[in-house]
Structures are given as C-alpha cells and as structure tokens.
>>> print(open('start37.cif').read())   # mmCIF, C-alpha atoms
data_my_file
loop_
_atom_site.group_PDB
_atom_site.id
_atom_site.type_symbol
_atom_site.label_atom_id
_atom_site.label_comp_id
_atom_site.auth_asym_id
_atom_site.auth_seq_id
_atom_site.Cartn_x
_atom_site.Cartn_y
_atom_site.Cartn_z
ATOM 1 C CA PHE Z 285 105.482 89.395 109.957
ATOM 2 C CA ALA Z 286 107.969 87.942 107.451
ATOM 3 C CA PHE Z 287 105.301 85.852 105.698
ATOM 4 C CA PHE Z 288 102.857 88.730 105.207
ATOM 5 C CA THR Z 289 105.656 91.142 104.287
ATOM 6 C CA VAL Z 290 106.575 88.847 101.390
ATOM 7 C CA ILE Z 291 102.889 88.689 100.352
ATOM 8 C CA TYR Z 292 102.545 92.483 100.475
ATOM 9 C CA VAL Z 293 105.736 93.038 98.446
ATOM 10 C CA LEU Z 294 104.514 90.527 95.848
ATOM 11 C CA ILE Z 295 101.143 92.302 95.683
ATOM 12 C CA LEU Z 296 102.858 95.639 95.045
ATOM 13 C CA LEU Z 297 105.322 94.248 92.491
ATOM 14 C CA GLY Z 298 102.837 92.043 90.627
ATOM 15 C CA ASN Z 299 100.045 94.578 90.289
ATOM 16 C CA THR Z 300 102.395 97.494 89.550
ATOM 17 C CA LEU Z 301 104.060 95.401 86.841
ATOM 18 C CA ILE Z 302 100.671 94.750 85.216
ATOM 19 C CA VAL Z 303 99.792 98.467 85.217
ATOM 20 C CA PHE Z 304 103.202 99.390 83.787
ATOM 21 C CA THR Z 305 103.090 96.644 81.130
ATOM 22 C CA ILE Z 306 99.609 97.616 79.919
ATOM 23 C CA THR Z 307 100.597 101.298 79.820
ATOM 24 C CA TYR Z 308 103.844 100.561 77.974
ATOM 25 C CA ASP Z 309 102.564 98.055 75.378
ATOM 26 C CA GLN Z 310 100.443 99.681 72.643
ATOM 27 C CA GLY Z 311 98.979 96.287 71.728
ATOM 28 C CA LEU Z 312 97.268 96.121 75.113
ATOM 29 C CA HIS Z 313 95.444 99.444 74.765
ATOM 30 C CA THR Z 314 92.048 97.739 74.551
ATOM 31 C CA PRO Z 315 88.987 97.933 76.870
ATOM 32 C CA MET Z 316 89.771 94.563 78.495
ATOM 33 C CA TYR Z 317 93.299 95.600 79.505
ATOM 34 C CA PHE Z 318 92.207 99.121 80.416
ATOM 35 C CA PHE Z 319 89.897 97.622 83.047
ATOM 36 C CA LEU Z 320 92.540 95.082 84.061
ATOM 37 C CA SER Z 321 95.000 97.911 84.780
ATOM 38 C CA ASN Z 322 92.282 99.583 86.886
ATOM 39 C CA LEU Z 323 91.828 96.317 88.787
ATOM 40 C CA SER Z 324 95.553 96.082 89.530
ATOM 41 C CA PHE Z 325 95.662 99.725 90.667
ATOM 42 C CA ILE Z 326 92.687 99.170 92.986
ATOM 43 C CA ASP Z 327 94.291 95.999 94.399
ATOM 44 C CA VAL Z 328 97.443 97.937 95.299
ATOM 45 C CA CYS Z 329 95.358 100.625 97.025
ATOM 46 C CA HIS Z 330 93.034 98.103 98.682
ATOM 47 C CA SER Z 331 95.801 96.037 100.255
ATOM 48 C CA SER Z 332 97.738 99.178 101.239
ATOM 49 C CA VAL Z 333 94.796 100.368 103.354
ATOM 50 C CA VAL Z 334 95.100 97.341 105.651
ATOM 51 C CA MET Z 335 98.428 95.524 105.333
ATOM 52 C CA PRO Z 336 100.960 98.203 106.449
ATOM 53 C CA LYS Z 337 99.058 98.666 109.735
ATOM 54 C CA MET Z 338 98.710 94.891 110.113
ATOM 55 C CA LEU Z 339 102.473 94.425 109.603
ATOM 56 C CA ALA Z 340 103.250 97.140 112.151
ATOM 57 C CA ASP Z 341 100.935 95.464 114.675
ATOM 58 C CA PHE Z 342 102.844 92.190 114.336
ATOM 59 C CA LEU Z 343 105.872 93.941 115.885
ATOM 60 C CA VAL Z 344 104.157 95.314 119.004
ATOM 61 C CA GLU Z 345 102.393 93.605 121.876
ATOM 62 C CA ARG Z 346 99.710 96.259 122.371
ATOM 63 C CA LYS Z 347 97.966 96.916 119.068
ATOM 64 C CA THR Z 348 96.132 100.257 118.926
ATOM 65 C CA ILE Z 349 94.573 102.549 116.360
ATOM 66 C CA SER Z 350 93.131 106.022 116.875
ATOM 67 C CA PHE Z 351 89.461 106.718 116.156
ATOM 68 C CA GLY Z 352 90.371 109.005 113.234
ATOM 69 C CA GLU Z 353 92.693 106.397 111.688
ATOM 70 C CA CYS Z 354 90.030 103.731 112.170
ATOM 71 C CA ILE Z 355 87.404 105.812 110.349
ATOM 72 C CA ALA Z 356 89.884 106.641 107.560
ATOM 73 C CA GLN Z 357 90.789 102.961 107.161
ATOM 74 C CA MET Z 358 87.098 102.053 107.026
ATOM 75 C CA PHE Z 359 86.336 104.782 104.460
ATOM 76 C CA PHE Z 360 89.119 103.840 102.029
ATOM 77 C CA LEU Z 361 88.525 100.099 102.520
ATOM 78 C CA HIS Z 362 84.909 100.468 101.372
ATOM 79 C CA LEU Z 363 85.834 102.931 98.631
ATOM 80 C CA PHE Z 364 88.263 100.518 96.973
ATOM 81 C CA ALA Z 365 86.255 97.360 97.733
ATOM 82 C CA CYS Z 366 82.990 98.708 96.317
ATOM 83 C CA THR Z 367 84.768 100.186 93.289
ATOM 84 C CA GLU Z 368 86.343 96.772 92.641
ATOM 85 C CA ILE Z 369 82.919 95.087 92.816
ATOM 86 C CA PHE Z 370 81.572 97.482 90.188
ATOM 87 C CA LEU Z 371 84.736 97.000 88.119
ATOM 88 C CA LEU Z 372 84.398 93.198 88.137
ATOM 89 C CA THR Z 373 80.807 93.613 86.941
ATOM 90 C CA ILE Z 374 81.946 95.954 84.139
ATOM 91 C CA MET Z 375 84.650 93.462 83.145
ATOM 92 C CA ALA Z 376 81.973 90.758 82.853
ATOM 93 C CA TYR Z 377 79.962 93.037 80.572
ATOM 94 C CA ASP Z 378 83.097 93.686 78.509
ATOM 95 C CA ARG Z 379 83.627 89.925 78.034
ATOM 96 C CA TYR Z 380 79.947 89.509 77.165
ATOM 97 C CA ALA Z 381 80.213 92.210 74.487
ATOM 98 C CA ALA Z 382 83.454 90.720 73.102
ATOM 99 C CA ILE Z 383 82.168 87.142 72.886
ATOM 100 C CA CYS Z 384 78.480 87.615 72.080
ATOM 101 C CA ASN Z 385 78.789 90.714 69.822
ATOM 102 C CA PRO Z 386 82.291 90.476 68.318
ATOM 103 C CA MET Z 387 81.432 92.442 65.157
ATOM 104 C CA ARG Z 388 80.057 95.384 67.165
ATOM 105 C CA TYR Z 389 82.538 95.172 70.059
ATOM 106 C CA ASP Z 390 84.645 98.196 69.076
ATOM 107 C CA THR Z 391 81.499 100.293 68.704
ATOM 108 C CA ILE Z 392 79.943 99.138 71.989
ATOM 109 C CA MET Z 393 83.111 99.439 74.090
ATOM 110 C CA SER Z 394 84.425 102.696 72.644
ATOM 111 C CA HIS Z 395 87.167 104.611 74.449
ATOM 112 C CA ARG Z 396 84.688 107.298 75.496
ATOM 113 C CA PHE Z 397 82.250 104.718 76.889
ATOM 114 C CA CYS Z 398 85.045 102.956 78.818
ATOM 115 C CA LEU Z 399 86.041 106.250 80.454
ATOM 116 C CA LYS Z 400 82.400 106.856 81.421
ATOM 117 C CA LEU Z 401 82.177 103.384 82.960
ATOM 118 C CA ALA Z 402 85.417 103.972 84.888
ATOM 119 C CA ALA Z 403 84.133 107.320 86.217
ATOM 120 C CA ALA Z 404 80.795 105.719 87.170
ATOM 121 C CA MET Z 405 82.420 102.890 89.143
ATOM 122 C CA TRP Z 406 84.640 105.289 91.115
ATOM 123 C CA LEU Z 407 81.674 107.591 91.795
ATOM 124 C CA GLY Z 408 79.562 104.632 92.924
ATOM 125 C CA GLY Z 409 82.304 103.454 95.279
ATOM 126 C CA LEU Z 410 82.684 106.974 96.694
ATOM 127 C CA VAL Z 411 78.939 107.396 97.336
ATOM 128 C CA HIS Z 412 78.768 103.975 98.999
ATOM 129 C CA SER Z 413 81.783 104.667 101.227
ATOM 130 C CA VAL Z 414 80.624 108.165 102.242
ATOM 131 C CA ALA Z 415 77.165 106.823 103.142
ATOM 132 C CA LEU Z 416 78.499 104.019 105.368
ATOM 133 C CA THR Z 417 81.099 106.236 107.029
ATOM 134 C CA ALA Z 418 78.488 108.933 107.749
ATOM 135 C CA LEU Z 419 76.185 106.329 109.342
ATOM 136 C CA THR Z 420 79.009 105.107 111.571
ATOM 137 C CA LEU Z 421 80.068 108.611 112.638
ATOM 138 C CA ASN Z 422 76.508 109.465 113.724
ATOM 139 C CA LEU Z 423 76.586 106.862 116.493
ATOM 140 C CA PRO Z 424 77.738 107.606 120.072
ATOM 141 C CA TYR Z 425 80.847 105.776 121.339
ATOM 142 C CA CYS Z 426 81.416 105.671 125.087
ATOM 143 C CA GLY Z 427 82.181 102.115 126.179
ATOM 144 C CA PRO Z 428 84.147 99.203 124.675
ATOM 145 C CA ASN Z 429 87.018 100.038 122.358
ATOM 146 C CA ALA Z 430 88.419 96.648 121.272
ATOM 147 C CA ILE Z 431 87.896 95.438 117.698
ATOM 148 C CA ASP Z 432 88.077 91.688 117.162
ATOM 149 C CA ASN Z 433 89.977 91.808 113.863
ATOM 150 C CA PHE Z 434 93.148 93.243 112.316
ATOM 151 C CA PHE Z 435 91.429 96.210 110.605
ATOM 152 C CA CYS Z 436 88.442 98.506 111.123
ATOM 153 C CA ASP Z 437 85.223 97.664 109.320
ATOM 154 C CA VAL Z 438 81.683 98.968 109.682
ATOM 155 C CA PRO Z 439 80.123 95.885 111.383
ATOM 156 C CA LEU Z 440 83.024 95.752 113.870
ATOM 157 C CA VAL Z 441 82.814 99.459 114.746
ATOM 158 C CA LEU Z 442 79.002 99.266 115.089
ATOM 159 C CA LYS Z 443 79.456 96.734 117.908
ATOM 160 C CA LEU Z 444 81.287 99.421 119.931
ATOM 161 C CA ALA Z 445 78.433 101.947 119.769
ATOM 162 C CA CYS Z 446 76.517 102.855 122.947
ATOM 163 C CA ALA Z 447 73.148 102.697 121.192
ATOM 164 C CA ASP Z 448 70.733 100.339 119.492
ATOM 165 C CA THR Z 449 72.288 99.597 116.095
ATOM 166 C CA TYR Z 450 69.554 97.373 114.630
ATOM 167 C CA VAL Z 451 68.460 99.976 112.070
ATOM 168 C CA PHE Z 452 72.086 100.620 111.079
ATOM 169 C CA GLU Z 453 72.699 96.888 110.644
ATOM 170 C CA VAL Z 454 69.664 96.662 108.355
ATOM 171 C CA LEU Z 455 71.004 99.614 106.334
ATOM 172 C CA ILE Z 456 74.407 97.920 106.012
ATOM 173 C CA VAL Z 457 72.808 94.675 104.830
ATOM 174 C CA SER Z 458 70.629 96.590 102.361
ATOM 175 C CA ASN Z 459 73.663 98.578 101.150
ATOM 176 C CA SER Z 460 76.814 96.450 101.155
ATOM 177 C CA GLY Z 461 75.064 93.077 101.223
ATOM 178 C CA LEU Z 462 72.662 93.785 98.387
ATOM 179 C CA ILE Z 463 75.341 95.408 96.223
ATOM 180 C CA SER Z 464 77.437 92.241 96.578
ATOM 181 C CA VAL Z 465 74.544 89.859 95.899
ATOM 182 C CA VAL Z 466 73.130 91.828 92.947
ATOM 183 C CA CYS Z 467 76.553 92.163 91.306
ATOM 184 C CA PHE Z 468 77.243 88.462 91.894
ATOM 185 C CA VAL Z 469 73.898 87.480 90.292
ATOM 186 C CA VAL Z 470 74.586 89.787 87.316
ATOM 187 C CA LEU Z 471 78.032 88.221 86.903
ATOM 188 C CA VAL Z 472 76.718 84.653 87.054
ATOM 189 C CA VAL Z 473 73.924 85.425 84.563
ATOM 190 C CA SER Z 474 76.336 87.155 82.167
ATOM 191 C CA TYR Z 475 78.721 84.192 82.238
ATOM 192 C CA ALA Z 476 75.839 81.759 81.744
ATOM 193 C CA VAL Z 477 74.904 83.695 78.591
ATOM 194 C CA ILE Z 478 78.553 83.663 77.487
ATOM 195 C CA LEU Z 479 78.863 79.886 78.001
ATOM 196 C CA ILE Z 480 75.668 79.272 76.015
ATOM 197 C CA SER Z 481 76.910 81.435 73.156
ATOM 198 C CA LEU Z 482 80.302 79.657 73.157
ATOM 199 C CA ARG Z 483 78.673 76.456 71.934
ATOM 200 C CA ASN Z 484 78.675 77.930 68.428
ATOM 201 C CA HIS Z 485 82.364 78.953 68.474
ATOM 202 C CA PHE Z 486 85.323 77.010 67.098
ATOM 203 C CA SER Z 487 87.339 74.979 69.598
ATOM 204 C CA GLU Z 488 90.361 77.354 69.775
ATOM 205 C CA GLY Z 489 88.213 80.447 70.237
ATOM 206 C CA ARG Z 490 86.115 78.611 72.808
ATOM 207 C CA ARG Z 491 89.199 77.517 74.755
ATOM 208 C CA LYS Z 492 90.617 81.059 74.883
ATOM 209 C CA ALA Z 493 87.277 82.580 75.902
ATOM 210 C CA LEU Z 494 86.701 79.934 78.571
ATOM 211 C CA SER Z 495 90.209 80.559 79.958
ATOM 212 C CA THR Z 496 89.491 84.286 80.319
ATOM 213 C CA CYS Z 497 86.069 83.683 81.858
ATOM 214 C CA ALA Z 498 87.411 81.059 84.280
ATOM 215 C CA ALA Z 499 90.087 83.480 85.506
ATOM 216 C CA HIS Z 500 87.511 86.225 86.005
ATOM 217 C CA LEU Z 501 85.080 83.904 87.829
ATOM 218 C CA THR Z 502 87.868 82.778 90.188
ATOM 219 C CA VAL Z 503 88.584 86.382 91.206
ATOM 220 C CA VAL Z 504 84.871 87.187 91.512
ATOM 221 C CA THR Z 505 84.159 84.175 93.726
ATOM 222 C CA LEU Z 506 87.035 84.935 96.100
ATOM 223 C CA PHE Z 507 86.258 88.641 96.360
ATOM 224 C CA LEU Z 508 82.462 88.704 96.419
ATOM 225 C CA GLY Z 509 82.337 85.577 98.589
ATOM 226 C CA HIS Z 510 83.925 87.605 101.402
ATOM 227 C CA CYS Z 511 81.560 90.557 100.929
ATOM 228 C CA ILE Z 512 78.452 88.356 100.982
ATOM 229 C CA PHE Z 513 79.729 86.421 104.032
ATOM 230 C CA ILE Z 514 80.538 89.560 106.070
ATOM 231 C CA TYR Z 515 77.809 92.037 105.084
ATOM 232 C CA LEU Z 516 74.758 89.835 104.525
ATOM 233 C CA ARG Z 517 74.316 88.997 108.207
ATOM 234 C CA PRO Z 518 73.995 90.839 111.551
ATOM 235 C CA ALA Z 519 77.070 92.599 112.961
ATOM 236 C CA LYS Z 520 78.587 89.847 115.099
ATOM 237 C CA SER Z 521 81.985 88.173 115.213
ATOM 238 C CA LEU Z 522 82.477 84.645 113.954
ATOM 239 C CA ALA Z 523 85.580 82.492 114.204
ATOM 240 C CA ALA Z 524 85.899 82.414 110.416
ATOM 241 C CA ASP Z 525 85.857 86.217 110.025
ATOM 242 C CA LYS Z 526 89.625 86.688 110.303
ATOM 243 C CA VAL Z 527 90.392 83.856 107.877
ATOM 244 C CA VAL Z 528 87.933 85.264 105.329
ATOM 245 C CA SER Z 529 89.350 88.768 105.884
ATOM 246 C CA VAL Z 530 92.891 87.557 105.125
ATOM 247 C CA PHE Z 531 91.652 86.242 101.773
ATOM 248 C CA PHE Z 532 89.896 89.571 101.163
ATOM 249 C CA THR Z 533 92.864 91.836 101.927
ATOM 250 C CA ALA Z 534 95.932 89.717 101.096
ATOM 251 C CA VAL Z 535 95.223 86.591 99.065
ATOM 252 C CA THR Z 536 92.875 87.982 96.385
ATOM 253 C CA PRO Z 537 95.109 90.994 95.481
ATOM 254 C CA LEU Z 538 98.028 88.539 95.268
ATOM 255 C CA LEU Z 539 96.140 86.068 93.052
ATOM 256 C CA ASN Z 540 94.839 88.672 90.583
ATOM 257 C CA PRO Z 541 98.172 89.273 88.767
ATOM 258 C CA ILE Z 542 98.942 85.534 88.817
ATOM 259 C CA ILE Z 543 95.539 84.543 87.404
ATOM 260 C CA TYR Z 544 95.470 87.247 84.741
ATOM 261 C CA THR Z 545 99.078 86.859 83.563
ATOM 262 C CA LEU Z 546 99.798 83.117 83.730
ATOM 263 C CA ARG Z 547 96.507 82.329 81.966
ATOM 264 C CA ASN Z 548 96.785 85.123 79.379
ATOM 265 C CA GLU Z 549 99.082 84.700 76.359
ATOM 266 C CA ASP Z 550 98.874 88.397 75.358
ATOM 267 C CA MET Z 551 100.045 89.495 78.800
ATOM 268 C CA LEU Z 552 102.864 86.927 78.819
ATOM 269 C CA GLN Z 553 104.110 88.136 75.427
ATOM 270 C CA ALA Z 554 103.935 91.779 76.574
ATOM 271 C CA LEU Z 555 105.888 90.910 79.727
ATOM 272 C CA ARG Z 556 108.563 89.141 77.661
ATOM 273 C CA LYS Z 557 108.898 92.183 75.389
ATOM 274 C CA LEU Z 558 109.086 94.483 78.420
#
>>> encode(input="start37.cif", output="structure tokens")
Amino acid sequence: FAFFTVIYVLILLGNTLIVFTITYDQGLHTPMYFFLSNLSFIDVCHSSVVMPKMLADFLVERKTISFGECIAQMFFLHLFACTEIFLLTIMAYDRYAAICNPMRYDTIMSHRFCLKLAAAMWLGGLVHSVALTALTLNLPYCGPNAIDNFFCDVPLVLKLACADTYVFEVLIVSNSGLISVVCFVVLVVSYAVILISLRNHFSEGRRKALSTCAAHLTVVTLFLGHCIFIYLRPAKSLAADKVVSVFFTAVTPLLNPIIYTLRNEDMLQALRKL
C-alpha cells in the first residue's frame, strides 16, 4: 500500500506539474508541448481509474467491486487508453513534420489543425470504449464472479459470461488488438523515416532530435507493448498479466514526466523559471 501510494502521488504531482508548466510558460505554446500536456492529463486520468481502487483493496481482506463500478472502470480505462494510443501516434506525426518538413512545420501543424487532431483522438477513444462496453453489457452473467486481476478489463469480464464468447473475443482482437498493432506499425515506420532523414542534419540537431524520438519510443514501447500482449490473444489469464498490468497502469504514467522532462532542455528551463 505504501509503495503504490508513493507511486500514485508521484504520478499526480509529476503529470500535473507538466500540464501547469506548459500552460504557464508562453514559450512552450507549440504543437509538441500541446500534445505533451494532453498526454500528462490522460496519464493522470488513466491511473486514477485503477489505482485508488487498488490502494483501497490493499487495506481489506475481501476485495469486491459492484457490477456497475466494474463496467464504469472498464469504460474509462479503455477511453483513456485508446485516446493515449491515438495521441502517441499524433505525436509521432508531429515529430515527423518538425524534422522532415521544418520549413513548413508551422503551416502543417497549425493551431486549428492541432485542435482538430485532439478532438479526433478523444472521439476515437470514446467510440472504441462505447463499442467494447456495449458488447460486454450484452452478455448474460449468472455464474462465476471472481476477476483474476486488480481491475476490470474486457477480456477478464468476458470470462465470467454464461455464454459462448468466441465471437466477442474475435471482435476484441479485431478492435483493441488491431488498433494497437496498426498504431505501433505506423509509429515504427514514422521513426524509421525520421532516422533516415536525420542523416543529413548537423550533429547537434541530430542529437536533439534523436533524444526526443528515443523518449517517445520508450513510452510507446511500454504502453503499446501491454496492449498488444493483452488484446491480441484469446481471453485467458496468464501469470504475466498482473505484472504487465502494473506497468500499464502505474509505471508508464510515472515514467512519462521523467522521460519528457529530464531529457528535454526546454522543459527543464521552464521548470526552473516556474
């Protein structure tokens, strides 16, 4: 309880500090930092869906959750997780535009276009979450009621249904699994293009760009690795599920502010001024 309480407090403080710093510092009012503030906001929301309930469960012997709370947790978990996947993909496109088309960057990533991208990612996450939650609610539940994890997720709830869930599992794989894989492929391809284009840059510019890309790839690998591992296979429990889930809900939101601030000179200067 004490260990994860410290992690949760650090997640809240670190990500809230990033949002506040970017809002406060006029020099950070650029597309890159606009999306970074969105990422920090989503990380706060994402971890808050799971960690308060997890911390409360550490203090009681019998850990329970009502059906309504379970569905709500599942809905918001997928809303924020899917929105973050789309956001990471948008951030890769932003870096591609900045590095490969520097002279046209301000035109490509205009304020209006950034707002449209932000609205699209939230709408995409909402549609995804509503679809999965609706599928889960349509199943009958009459037997087992124990979930082998510390939060409710679609594959875990499907196992409790008193019906054949093969079709639903296929839909989950084709929805969550494919979204994760497609976004991961797009991210890898975009960074491959960026790395090829960096060969023509001066050493200082190359170092700074590589630092930003390395930080982004670290976050992407940790986050999308979990999604691919969980949703691109049938709904069954594995011993590694809980370990991977801890990285998904606690470690990645904690690492985001560390990765993006300690490796970013602009953010460090803004934090010093603040």
>>> residues_around(input="start37.cif", residues="Gly352 in chain Z", least_positions_apart="4", cutoff="12 Å", atoms="all atoms listed in the file", output="PyMOL selection string")
chain Z and resi 348+356-359+417+421+436
>>> residues_around(input="start37.cif", residues="Val303 in chain Z", least_positions_apart="3", cutoff="12 Å", atoms="only C-alpha atoms", output="ChimeraX atom specification")
/Z:296-300,306-309,312-313,317-328,541,545,551,554-555
>>> resolve_selection(input="start37.cif", expression="the PyMOL selection byres ((chain Z and resi 334) around 9)", output="count of residues only")
16
>>> closest_residue(input="start37.cif", among="Z:Leu506, Z:Ser464, Z:Val454, Z:Phe351", to="Val441 in chain Z", atoms="all atoms listed in the file")
Z:Phe351
>>> resolve_selection(input="start37.cif", expression="the PyMOL selection byres ((chain Z and resi 376) around 10)", output="PyMOL selection string")
chain Z and resi 316+370-375+377-382+470-475+478+497+500-501+504
>>> residues_around(input="start37.cif", residues="Pro428 in chain Z", least_positions_apart="6", cutoff="9 Å", atoms="only C-alpha atoms", output="list in words")
Lys443, Leu444, Ala445 and Cys446 of chain Z
